[in-house]
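File shown: entry25.cif (mmCIF, C-alpha atoms).
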```cif
data_final
#
loop_
_atom_site.label_atom_id
_atom_site.label_comp_id
_atom_site.auth_asym_id
_atom_site.auth_seq_id
_atom_site.Cartn_x
_atom_site.Cartn_y
_atom_site.Cartn_z
CA MET A 1 3.31 33.62 -3.41
CA SER A 2 5.00 35.08 -0.36
CA ALA A 3 7.43 33.15 1.81
CA VAL A 4 4.98 33.25 4.72
CA ARG A 5 2.25 31.64 2.64
CA ASP A 6 4.72 28.99 1.44
CA ASP A 7 5.60 28.25 5.06
CA LEU A 8 1.93 27.97 5.97
CA ALA A 9 1.26 25.65 3.07
CA PHE A 10 4.16 23.49 4.20
CA VAL A 11 3.03 23.42 7.82
CA ASN A 12 -0.62 22.74 6.96
CA ARG A 13 0.13 20.11 4.38
CA GLN A 14 -0.99 16.60 5.27
CA SER A 15 1.65 14.05 4.37
CA PHE A 16 0.42 11.16 2.24
CA ILE A 17 3.51 9.03 2.89
CA GLU A 18 2.94 9.10 6.64
CA LEU A 19 -0.56 7.63 6.27
CA HIS A 20 -1.13 3.92 6.55
CA ALA A 21 -2.87 2.06 3.71
CA ARG A 22 -6.43 2.39 5.07
CA GLU A 23 -6.05 6.12 5.72
CA ARG A 24 -4.51 6.64 2.28
CA ALA A 25 -7.44 4.88 0.60
CA ILE A 26 -10.13 6.80 2.51
CA ALA A 27 -8.42 10.11 1.75
CA LEU A 28 -8.95 9.67 -2.00
CA PHE A 29 -12.72 9.19 -2.04
CA ASP A 30 -15.45 11.77 -2.22
CA SER A 31 -16.42 12.34 1.41
CA GLY A 32 -18.64 9.63 2.90
CA THR A 33 -18.77 7.40 -0.21
CA ALA A 34 -16.07 4.86 0.70
CA ARG A 35 -16.87 1.41 2.05
CA GLU A 36 -14.33 -1.28 2.73
CA LEU A 37 -14.59 -4.75 1.21
CA LEU A 38 -13.10 -7.69 3.14
CA GLY A 39 -11.93 -5.54 6.02
CA PRO A 40 -9.92 -6.68 9.05
CA PHE A 41 -12.98 -8.04 10.88
CA ASP A 42 -13.69 -10.42 7.98
CA ARG A 43 -10.39 -12.01 9.03
CA VAL A 44 -9.30 -13.20 5.62
CA GLU A 45 -5.67 -13.43 6.56
CA SER A 46 -2.72 -15.37 5.20
CA PRO A 47 -2.93 -19.04 6.19
CA TRP A 48 0.75 -19.47 5.34
CA LEU A 49 2.50 -16.91 7.52
CA PRO A 50 1.62 -18.40 10.97
CA LEU A 51 2.81 -21.81 9.72
CA GLN A 52 6.20 -20.19 9.17
CA GLY A 53 6.22 -18.38 12.50
CA VAL A 54 5.33 -14.99 11.04
CA THR A 55 2.56 -12.87 12.60
CA PRO A 56 -0.18 -12.27 10.02
CA GLN A 57 -2.30 -9.11 9.63
CA ALA A 58 -6.10 -9.34 9.67
CA ASP A 59 -6.44 -7.74 6.19
CA ASP A 60 -3.22 -9.34 4.87
CA GLY A 61 -1.84 -5.87 4.21
CA CYS A 62 -4.30 -5.18 1.40
CA VAL A 63 -7.11 -2.64 1.84
CA VAL A 64 -9.91 -2.64 -0.76
CA MET A 65 -12.44 0.20 -0.86
CA LYS A 66 -15.26 1.02 -3.24
CA GLY A 67 -16.88 4.41 -3.60
CA LYS A 68 -16.88 7.54 -5.73
CA ILE A 69 -14.02 9.74 -6.81
CA SER A 70 -14.97 12.96 -8.54
CA GLY A 71 -18.51 11.60 -8.66
CA ARG A 72 -17.51 8.50 -10.63
CA ALA A 73 -17.44 4.88 -9.46
CA ALA A 74 -13.97 3.85 -8.33
CA VAL A 75 -12.21 1.14 -6.39
CA VAL A 76 -9.02 1.81 -4.44
CA VAL A 77 -6.62 -0.96 -3.46
CA ALA A 78 -3.94 0.10 -1.00
CA LEU A 79 -1.00 -2.10 -0.07
CA GLU A 80 0.37 -1.63 3.44
CA GLY A 81 4.10 -1.09 3.10
CA ALA A 82 4.69 -1.45 6.84
CA PHE A 83 3.40 -5.06 6.84
CA GLN A 84 5.89 -7.48 5.29
CA GLY A 85 7.15 -4.78 2.94
CA GLY A 86 3.75 -4.56 1.23
CA SER A 87 4.42 -7.95 -0.30
CA LEU A 88 1.79 -9.81 -2.34
CA GLY A 89 0.73 -13.18 -0.98
CA GLU A 90 -2.15 -15.50 -1.81
CA VAL A 91 -4.79 -13.48 0.05
CA SER A 92 -3.63 -9.95 -0.72
CA GLY A 93 -3.12 -10.96 -4.35
CA ALA A 94 -6.59 -12.47 -4.58
CA LYS A 95 -8.14 -9.35 -3.02
CA LEU A 96 -6.39 -7.09 -5.53
CA THR A 97 -7.32 -9.35 -8.47
CA ALA A 98 -10.95 -9.63 -7.38
CA ALA A 99 -11.24 -5.86 -6.97
CA LEU A 100 -9.96 -5.31 -10.52
CA ASP A 101 -12.17 -8.10 -11.91
CA LEU A 102 -15.30 -6.65 -10.30
CA ALA A 103 -14.44 -3.23 -11.72
CA ARG A 104 -14.04 -4.83 -15.15
CA ALA A 105 -17.40 -6.61 -14.79
CA ASP A 106 -19.00 -3.24 -13.99
CA GLY A 107 -17.32 -1.79 -17.08
CA GLU A 108 -18.73 -4.57 -19.24
CA LYS A 109 -22.21 -3.72 -17.95
CA GLY A 110 -21.74 -0.12 -19.00
CA LYS A 111 -20.80 1.18 -15.54
CA PRO A 112 -17.14 2.14 -15.90
CA THR A 113 -15.31 1.79 -12.58
CA ALA A 114 -11.81 3.22 -12.34
CA ALA A 115 -9.18 1.49 -10.24
CA VAL A 116 -6.51 3.18 -8.15
CA MET A 117 -3.66 1.02 -6.84
CA LEU A 118 -1.60 2.48 -4.01
CA LEU A 119 1.58 0.48 -4.39
CA GLU A 120 4.06 0.23 -1.55
CA THR A 121 5.50 -3.15 -2.29
CA GLY A 122 8.61 -5.19 -2.84
CA GLY A 123 6.57 -7.57 -5.00
CA VAL A 124 5.94 -11.23 -4.31
CA ARG A 125 5.92 -12.32 -0.65
CA LEU A 126 8.80 -14.76 -0.34
CA GLN A 127 6.98 -16.89 2.26
CA GLU A 128 4.21 -17.51 -0.30
CA ALA A 129 6.43 -17.41 -3.36
CA ASN A 130 4.54 -19.53 -5.92
CA LEU A 131 1.12 -18.28 -4.89
CA GLY A 132 2.41 -14.70 -4.97
CA LEU A 133 3.83 -15.18 -8.45
CA ALA A 134 0.52 -16.64 -9.65
CA ALA A 135 -1.26 -13.65 -8.10
CA ILE A 136 0.96 -11.20 -9.99
CA ALA A 137 0.08 -12.92 -13.27
CA GLU A 138 -3.62 -12.69 -12.43
CA ILE A 139 -3.30 -9.04 -11.44
CA MET A 140 -1.61 -8.19 -14.73
CA ALA A 141 -4.31 -10.00 -16.71
CA ALA A 142 -6.98 -8.19 -14.68
CA ILE A 143 -5.38 -4.79 -15.36
CA LEU A 144 -5.26 -5.49 -19.10
CA SER A 145 -8.95 -6.40 -19.23
CA LEU A 146 -10.07 -3.52 -17.00
CA ARG A 147 -8.11 -0.73 -18.66
CA ARG A 148 -10.22 -0.97 -21.83
CA TYR A 149 -13.22 0.28 -19.86
CA ALA A 150 -11.78 2.62 -17.25
CA PRO A 151 -8.41 4.03 -16.25
CA VAL A 152 -6.18 2.04 -13.91
CA ILE A 153 -4.03 4.43 -11.90
CA SER A 154 -0.94 3.39 -9.96
CA VAL A 155 0.33 5.63 -7.18
CA VAL A 156 3.83 5.10 -5.80
CA ALA A 157 4.19 7.53 -2.92
CA GLY A 158 6.95 6.00 -0.82
CA THR A 159 8.79 5.15 1.18
CA VAL A 160 8.83 1.46 0.30
CA GLY A 161 8.52 2.11 -3.44
CA CYS A 162 7.29 -0.38 -6.00
CA PHE A 163 9.51 -3.24 -7.09
CA GLY A 164 9.42 -6.79 -8.39
CA GLY A 165 6.35 -8.16 -10.10
CA MET A 166 4.22 -5.25 -9.00
CA SER A 167 6.45 -2.85 -10.95
CA LEU A 168 5.27 -4.75 -14.04
CA ALA A 169 1.68 -4.27 -12.89
CA ALA A 170 2.37 -0.55 -12.44
CA GLY A 171 3.83 -0.49 -15.96
CA LEU A 172 0.56 -1.84 -17.37
CA SER A 173 -1.56 0.78 -15.68
CA SER A 174 -3.05 3.72 -17.57
CA TYR A 175 -1.29 6.33 -15.47
CA ILE A 176 1.50 6.32 -12.88
CA VAL A 177 1.66 8.97 -10.16
CA MET A 178 4.84 9.34 -8.11
CA THR A 179 6.38 11.57 -5.46
CA ARG A 180 10.06 12.57 -5.32
CA GLU A 181 10.46 10.21 -2.38
CA ALA A 182 9.12 7.20 -4.30
CA ARG A 183 11.09 4.62 -6.24
CA LEU A 184 9.90 2.42 -9.08
CA GLY A 185 11.97 -0.36 -10.61
CA LEU A 186 12.00 -4.06 -11.45
CA ASN A 187 14.81 -5.24 -9.18
CA GLY A 188 15.36 -3.49 -5.87
CA PRO A 189 18.82 -1.99 -5.27
CA GLU A 190 19.72 -4.60 -2.63
CA VAL A 191 18.79 -7.41 -5.01
CA ILE A 192 20.96 -5.99 -7.81
CA GLU A 193 23.92 -5.55 -5.46
CA GLN A 194 23.48 -9.06 -4.08
CA GLU A 195 23.30 -10.65 -7.53
CA SER A 196 25.78 -8.56 -9.50
CA GLY A 197 28.13 -7.08 -6.94
CA ILE A 198 28.69 -3.67 -5.43
CA GLU A 199 30.58 -2.49 -8.54
CA GLU A 200 27.36 -2.92 -10.51
CA PHE A 201 25.10 -1.21 -8.02
CA ASP A 202 25.84 0.20 -4.57
CA SER A 203 22.58 -0.16 -2.66
CA SER A 204 23.77 2.26 0.05
CA ASP A 205 24.26 5.06 -2.51
CA ARG A 206 20.93 6.84 -2.15
CA ARG A 207 21.80 9.49 -4.72
CA LEU A 208 22.52 6.82 -7.33
CA ILE A 209 19.32 4.90 -6.50
CA TRP A 210 17.09 7.94 -6.75
CA ALA A 211 18.85 9.08 -9.94
CA ILE A 212 17.71 5.82 -11.52
CA ASN A 213 14.55 4.68 -9.71
CA GLY A 214 13.37 7.94 -8.15
CA GLY A 215 10.05 9.59 -8.98
CA GLU A 216 11.64 12.71 -10.43
CA GLN A 217 13.76 10.69 -12.85
CA ARG A 218 10.87 8.41 -13.82
CA TYR A 219 8.68 11.41 -14.52
CA ALA A 220 11.40 13.24 -16.45
CA MET A 221 11.96 10.16 -18.62
CA GLY A 222 8.27 9.93 -19.42
CA LEU A 223 7.84 6.70 -17.46
CA ALA A 224 5.49 8.31 -14.93
CA ASP A 225 2.62 10.65 -15.78
CA ALA A 226 2.54 12.92 -12.75
CA LEU A 227 5.03 14.03 -10.13
CA VAL A 228 3.35 15.22 -6.94
CA ASP A 229 4.46 16.54 -3.57
CA ASP A 230 4.00 14.39 -0.48
CA ASP A 231 0.67 16.09 0.06
CA THR A 232 -2.63 14.24 0.48
CA GLY A 233 -4.57 17.06 -1.14
CA GLN A 234 -2.32 17.13 -4.19
CA VAL A 235 -2.35 13.34 -4.59
CA GLY A 236 -6.16 13.36 -4.40
CA LYS A 237 -6.49 16.21 -6.89
CA THR A 238 -4.16 14.50 -9.37
CA ILE A 239 -6.13 11.24 -9.16
CA ARG A 240 -9.42 13.08 -9.69
CA GLN A 241 -7.96 14.76 -12.78
CA LEU A 242 -6.71 11.47 -14.20
CA ILE A 243 -10.05 9.74 -13.58
CA GLU A 244 -11.81 12.60 -15.35
CA LYS A 245 -9.33 12.28 -18.22
CA GLY A 246 -10.45 8.67 -18.71
CA VAL A 247 -8.81 5.88 -20.65
CA PRO A 248 -5.71 7.09 -22.54
CA ARG A 249 -5.74 6.93 -26.33
CA GLU A 250 -2.79 4.58 -26.21
CA HIS A 251 -1.35 2.90 -23.12
CA ARG A 252 2.36 3.30 -22.50
CA SER A 253 2.83 -0.47 -22.43
CA ALA A 254 1.25 -0.75 -25.90
CA ARG A 255 3.94 1.45 -27.45
CA VAL A 256 6.25 -1.49 -28.04
CA ALA A 257 7.94 -0.24 -31.23
CA PHE A 258 8.47 3.22 -29.72
CA TYR A 259 10.24 1.89 -26.65
CA ARG A 260 12.12 -0.82 -28.53
CA GLU A 261 13.63 1.86 -30.73
CA ARG A 262 14.54 3.95 -27.72
CA ILE A 263 16.23 1.09 -25.94
CA GLN A 264 18.10 0.01 -29.08
CA SER A 265 19.48 3.52 -29.52
CA LEU A 266 21.17 3.38 -26.10
CA ASP A 267 24.92 2.88 -26.06
CA ALA A 268 25.43 0.14 -23.48
CA THR A 269 29.21 -0.02 -23.96
CA ARG A 270 29.62 2.84 -21.50
CA GLN A 271 27.92 3.75 -18.23
CA LEU A 272 24.67 5.60 -18.91
CA ASP A 273 24.30 8.94 -17.20
CA PRO A 274 20.89 9.63 -15.60
CA ASN A 275 20.89 13.27 -16.73
CA GLU A 276 21.77 12.42 -20.31
CA LEU A 277 19.06 9.78 -20.31
CA ARG A 278 16.57 12.30 -19.02
CA ALA A 279 17.52 14.75 -21.79
CA SER A 280 17.31 12.21 -24.61
CA TRP A 281 14.14 10.45 -23.44
CA ARG A 282 12.30 13.64 -22.67
CA THR A 283 11.99 14.29 -26.41
CA GLY A 284 8.95 12.85 -28.11
CA ASP A 285 5.50 12.73 -26.61
CA ALA A 286 5.92 9.86 -24.18
CA THR A 287 4.71 12.03 -21.32
CA GLU A 288 1.45 12.80 -23.09
CA PRO A 289 -0.63 9.65 -22.92
CA GLY A 290 -3.99 11.37 -22.58
CA LYS A 291 -6.66 12.02 -25.16
CA MET B 1 5.76 -16.45 16.81
CA GLU B 2 4.13 -17.05 20.20
CA ARG B 3 0.42 -17.27 20.98
CA ILE B 4 -0.75 -15.94 24.36
CA GLU B 5 -4.27 -15.76 25.82
CA PHE B 6 -5.66 -13.93 28.84
CA ASN B 7 -9.07 -13.62 30.52
CA TYR B 8 -10.27 -10.69 32.58
CA PRO B 9 -13.54 -10.05 34.43
CA ALA B 10 -15.81 -7.38 32.93
CA LYS B 11 -18.72 -5.35 34.30
CA ARG B 12 -20.59 -3.91 31.32
CA LYS B 13 -21.55 -4.61 27.75
CA VAL B 14 -20.07 -2.55 24.92
CA SER B 15 -21.20 -2.03 21.33
CA GLY B 16 -19.36 -1.35 18.10
CA ARG B 17 -15.89 -2.48 17.17
CA ALA B 18 -12.54 -0.89 16.48
CA HIS B 19 -9.43 -1.67 14.49
CA VAL B 20 -6.17 0.26 14.98
CA GLY B 21 -2.53 -0.15 14.06
CA VAL B 22 -0.56 -2.26 11.60
CA VAL B 23 1.66 -5.31 11.97
CA GLY B 24 4.77 -3.31 11.11
CA SER B 25 8.13 -3.35 12.86
CA GLY B 26 7.70 -2.04 16.41
CA ASP B 27 3.95 -1.71 15.99
CA LEU B 28 0.90 -3.91 16.40
CA GLU B 29 -2.67 -4.32 15.23
CA VAL B 30 -5.57 -4.37 17.71
CA LEU B 31 -9.04 -5.69 16.82
CA LEU B 32 -11.55 -4.89 19.53
CA GLU B 33 -15.11 -6.30 19.53
CA PRO B 34 -17.91 -6.82 22.06
CA ALA B 35 -17.72 -10.12 23.96
CA ASP B 36 -20.62 -12.23 25.18
CA GLY B 37 -20.93 -12.72 28.91
CA ALA B 38 -19.18 -11.01 31.79
CA SER B 39 -15.55 -11.43 30.86
CA SER B 40 -13.00 -10.17 28.41
CA ARG B 41 -10.70 -12.36 26.36
CA VAL B 42 -7.39 -11.39 24.81
CA PHE B 43 -5.72 -13.36 22.02
CA ILE B 44 -2.16 -12.35 21.19
CA ARG B 45 0.12 -13.45 18.39
CA THR B 46 3.54 -11.88 18.74
CA SER B 47 6.68 -12.14 16.65
CA VAL B 48 8.85 -11.93 19.79
CA ASP B 49 8.80 -15.07 21.94
CA GLY B 50 9.26 -15.22 25.72
CA PHE B 51 7.54 -12.04 26.92
CA ARG B 52 4.36 -13.50 28.43
CA ASP B 53 4.99 -11.81 31.79
CA THR B 54 5.42 -8.40 30.13
CA TRP B 55 2.19 -8.85 28.14
CA LYS B 56 0.39 -9.80 31.37
CA ALA B 57 1.70 -6.70 33.14
CA VAL B 58 0.53 -4.40 30.32
CA LEU B 59 -2.91 -6.03 30.09
CA ASP B 60 -3.34 -6.16 33.91
CA ARG B 61 -2.81 -2.42 33.92
CA PHE B 62 -5.20 -1.86 31.00
CA PHE B 63 -8.00 -3.95 32.53
CA ALA B 64 -7.49 -2.31 35.94
CA LYS B 65 -9.00 0.79 34.28
CA TYR B 66 -11.22 -0.73 31.59
CA ASP B 67 -14.30 -2.79 32.57
CA GLY B 68 -16.07 -3.36 29.21
CA ALA B 69 -16.67 -6.95 28.04
CA VAL B 70 -14.52 -7.18 24.93
CA ARG B 71 -12.75 -9.65 22.71
CA ILE B 72 -9.33 -8.31 21.84
CA GLU B 73 -7.15 -9.74 19.14
CA ILE B 74 -3.57 -8.52 18.92
CA ASN B 75 -1.17 -9.15 16.05
CA ASP B 76 2.20 -7.87 17.20
CA ALA B 77 5.45 -7.16 15.38
CA GLY B 78 7.66 -6.34 18.34
CA ALA B 79 5.92 -3.30 19.82
CA THR B 80 7.24 -1.95 23.12
CA PRO B 81 4.95 -2.14 26.19
CA GLY B 82 4.33 1.60 25.88
CA SER B 83 3.20 1.25 22.27
CA VAL B 84 0.91 -1.63 23.24
CA GLN B 85 -0.69 0.46 25.98
CA LEU B 86 -1.23 3.38 23.60
CA ARG B 87 -2.74 1.18 20.88
CA LEU B 88 -5.15 -0.38 23.41
CA GLU B 89 -6.23 3.06 24.57
CA GLN B 90 -6.58 4.20 20.96
CA ALA B 91 -8.80 1.21 20.21
CA VAL B 92 -11.06 2.06 23.17
CA GLU B 93 -11.20 5.66 22.00
CA ALA B 94 -12.08 4.54 18.45
CA LEU B 95 -14.82 2.31 19.89
CA GLY B 96 -16.37 5.29 21.62
CA SER B 97 -16.28 7.60 18.61
#
```
Could you take the file, read its structure, and then write that structure out as structure tokens?
Amino acid sequence: MSAVRDDLAFVNRQSFIELHARERAIALFDSGTARELLGPFDRVESPWLPLQGVTPQADDGCVVMKGKISGRAAVVVALEGAFQGGSLGEVSGAKLTAALDLARADGEKGKPTAAVMLLETGGVRLQEANLGLAAIAEIMAAILSLRRYAPVISVVAGTVGCFGGMSLAAGLSSYIVMTREARLGLNGPEVIEQESGIEEFDSSDRRLIWAINGGEQRYAMGLADALVDDDTGQVGKTIRQLIEKGVPREHRSARVAFYRERIQSLDATRQLDPNELRASWRTGDATEPGK
Amino acid sequence: MERIEFNYPAKRKVSGRAHVGVVGSGDLEVLLEPADGASSRVFIRTSVDGFRDTWKAVLDRFFAKYDGAVRIEINDAGATPGSVQLRLEQAVEALGS
């Protein structure tokens, strides 16, 4: 491909990261098939945020859409990273759980419905802590029961990333799609620094953070299934391919013995190097979860 | 968080509804719907307290040009007056499309 064509592709590319949750969700569906469930005008917002002096959002930062992707029934749940860091509260958690449960019910009736979760989230919303934690548990249970019937795909595009309880939910999904800009990890860098000190983790060291939590590293270690550019077309194409691929033969989270062995073989007496880790974990077939 | 309400006279009915924006830092969400009767009502919830006069100035200017009978709900996370004006205009544009 010539340099001019590369430049054109770059200029004409539509960023996925720059889209808000609703626009991201719509962009994934076959044209004209998407309809929103519990949209902003249904006004199912957080009852807890105004009590604490925090402005709520009419959809509680959780957009649920049903429609067709690649001609197959699918539900997309998009978390709005710009609203309260994409955090999961009572309402947003219940919307996400209900969407997955309805997809599972369709699967049980012989109408497999895939789920795509667009995760820009720091996890549980601190203002609704206990309800958020309960929601995460329900979401994880819902993923486990849905993924027998249809693939559950997590997309972490950036720039918030996916942390906290929702990183566990991402880990249970059938496939994880990431961009280079995205980060996926249990504890966020600021949390690690706050709890264990700057010697343990310097949350201002972007190179360090991306070398551990970044999409490229996660993909190279076999912990994500696809690495895509920040391009709406490419994200959509990848999701269509994964939906067509269907339920993986074995889910990553079911490979307990495989990962236990890998973790036990690590030498924790010295600082692990991201590149070495990439080289040693790349071996094996962890990146090939499909049929 | 402060709650602010305004009323403005209106001349014509509108149809449809529009939702624009997000409650993210420096931004706001606008829900625009038809209102019954010959007046418009605006309900604001803003994370920044003490700017009632500024909100009034922005909405006075908006309703000096716009005469549809609407119910506007605004959830604000510290948007500047310019951003508020643009979001209101975007909502009206979305209503028309």
Contact residues (chain B, partner chain A, 8 Å, only C-alpha atoms) as number ranges by chain: B: 1, 19, 22-25, 29, 31, 45-47, 75-77
Evaluate the PyMOL selection byres ((chain B and resi 10) around 12) and report residues as a ChimeraX atom specification: /B:7-9,11-14,34-41,63-71
Since I can't run it myself right now, could you work out what the PyMOL selection byres ((chain A and resi 275-284) around 10) selects here and report it as a PDB file with C-alpha atoms, in the frame of the given file?
```
ATOM      1  CA  ALA A 211      18.850   9.080  -9.940  1.00  0.00           C
ATOM      2  CA  ILE A 212      17.710   5.820 -11.520  1.00  0.00           C
ATOM      3  CA  GLU A 216      11.640  12.710 -10.430  1.00  0.00           C
ATOM      4  CA  GLN A 217      13.760  10.690 -12.850  1.00  0.00           C
ATOM      5  CA  ARG A 218      10.870   8.410 -13.820  1.00  0.00           C
ATOM      6  CA  TYR A 219       8.680  11.410 -14.520  1.00  0.00           C
ATOM      7  CA  ALA A 220      11.400  13.240 -16.450  1.00  0.00           C
ATOM      8  CA  MET A 221      11.960  10.160 -18.620  1.00  0.00           C
ATOM      9  CA  GLY A 222       8.270   9.930 -19.420  1.00  0.00           C
ATOM     10  CA  LEU A 223       7.840   6.700 -17.460  1.00  0.00           C
ATOM     11  CA  PHE A 258       8.470   3.220 -29.720  1.00  0.00           C
ATOM     12  CA  TYR A 259      10.240   1.890 -26.650  1.00  0.00           C
ATOM     13  CA  ARG A 262      14.540   3.950 -27.720  1.00  0.00           C
ATOM     14  CA  ILE A 263      16.230   1.090 -25.940  1.00  0.00           C
ATOM     15  CA  LEU A 266      21.170   3.380 -26.100  1.00  0.00           C
ATOM     16  CA  LEU A 272      24.670   5.600 -18.910  1.00  0.00           C
ATOM     17  CA  ASP A 273      24.300   8.940 -17.200  1.00  0.00           C
ATOM     18  CA  PRO A 274      20.890   9.630 -15.600  1.00  0.00           C
ATOM     19  CA  ASP A 285       5.500  12.730 -26.610  1.00  0.00           C
ATOM     20  CA  ALA A 286       5.920   9.860 -24.180  1.00  0.00           C
ATOM     21  CA  THR A 287       4.710  12.030 -21.320  1.00  0.00           C
ATOM     22  CA  GLU A 288       1.450  12.800 -23.090  1.00  0.00           C
TER      23      GLU A 288
END
```
Test item: the PyMOL selection byres ((chain A and resi 73) around 10) resolved as a count of residues only: 20
Pick from A:Gln271, A:Thr121, A:Ser87, A:Ser173 nearest to Val152 (chain A), counting all atoms listed in the file: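 Of the candidates, the smallest distance to Val152 (chain A) is held by A:Ser173.
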Distance in Å - CA of Thr179 (chain A) versus CA of Asp7 (chain A): 19.7 Å
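The space separating CA of Gly132 (chain A) from CA of Val76 (chain A) comes to 20.1 Å.
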Box centre and edge lengths (Å, one decimal), axis-aligned, region 34-42 of chain B plus 8 Å each side, as AutoDock Vina command-line options:
```
--center_x -14.2 --center_y -9.8 --center_z 26.9 --size_x 29.5 --size_y 21.9 --size_z 25.7
```
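Note that CA of Gly185 (chain A) and CA of Asn213 (chain A) are 5.7 Å apart.
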Nearest to Arg52 (chain B), chosen from B:Pro81, B:Gly26, B:Gly96, B:Gly21, with only C-alpha atoms counted in the distances: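 For Arg52 (chain B), the nearest of the given residues is B:Pro81.
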Of the listed residues B:Ser97, B:Gly82, B:Asp60, B:Ile74, that which approaches Val30 (chain B) most closely, counting all atoms listed in the file: B:Ile74
Which of B:Asp49, B:Glu73, B:Asp27, B:Glu89 sits closest to Arg61 (chain B) [using only C-alpha atoms]: B:Glu89
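When the distance limit is 7 Å and all atoms listed in the file are what count, the residues near Cys162 (chain A), minus those fewer than 6 positions from it on the same chain, are A:Leu119, A:Glu120, A:Thr121, A:Gly122, A:Val156, A:Arg183, A:Leu184, A:Gly185.
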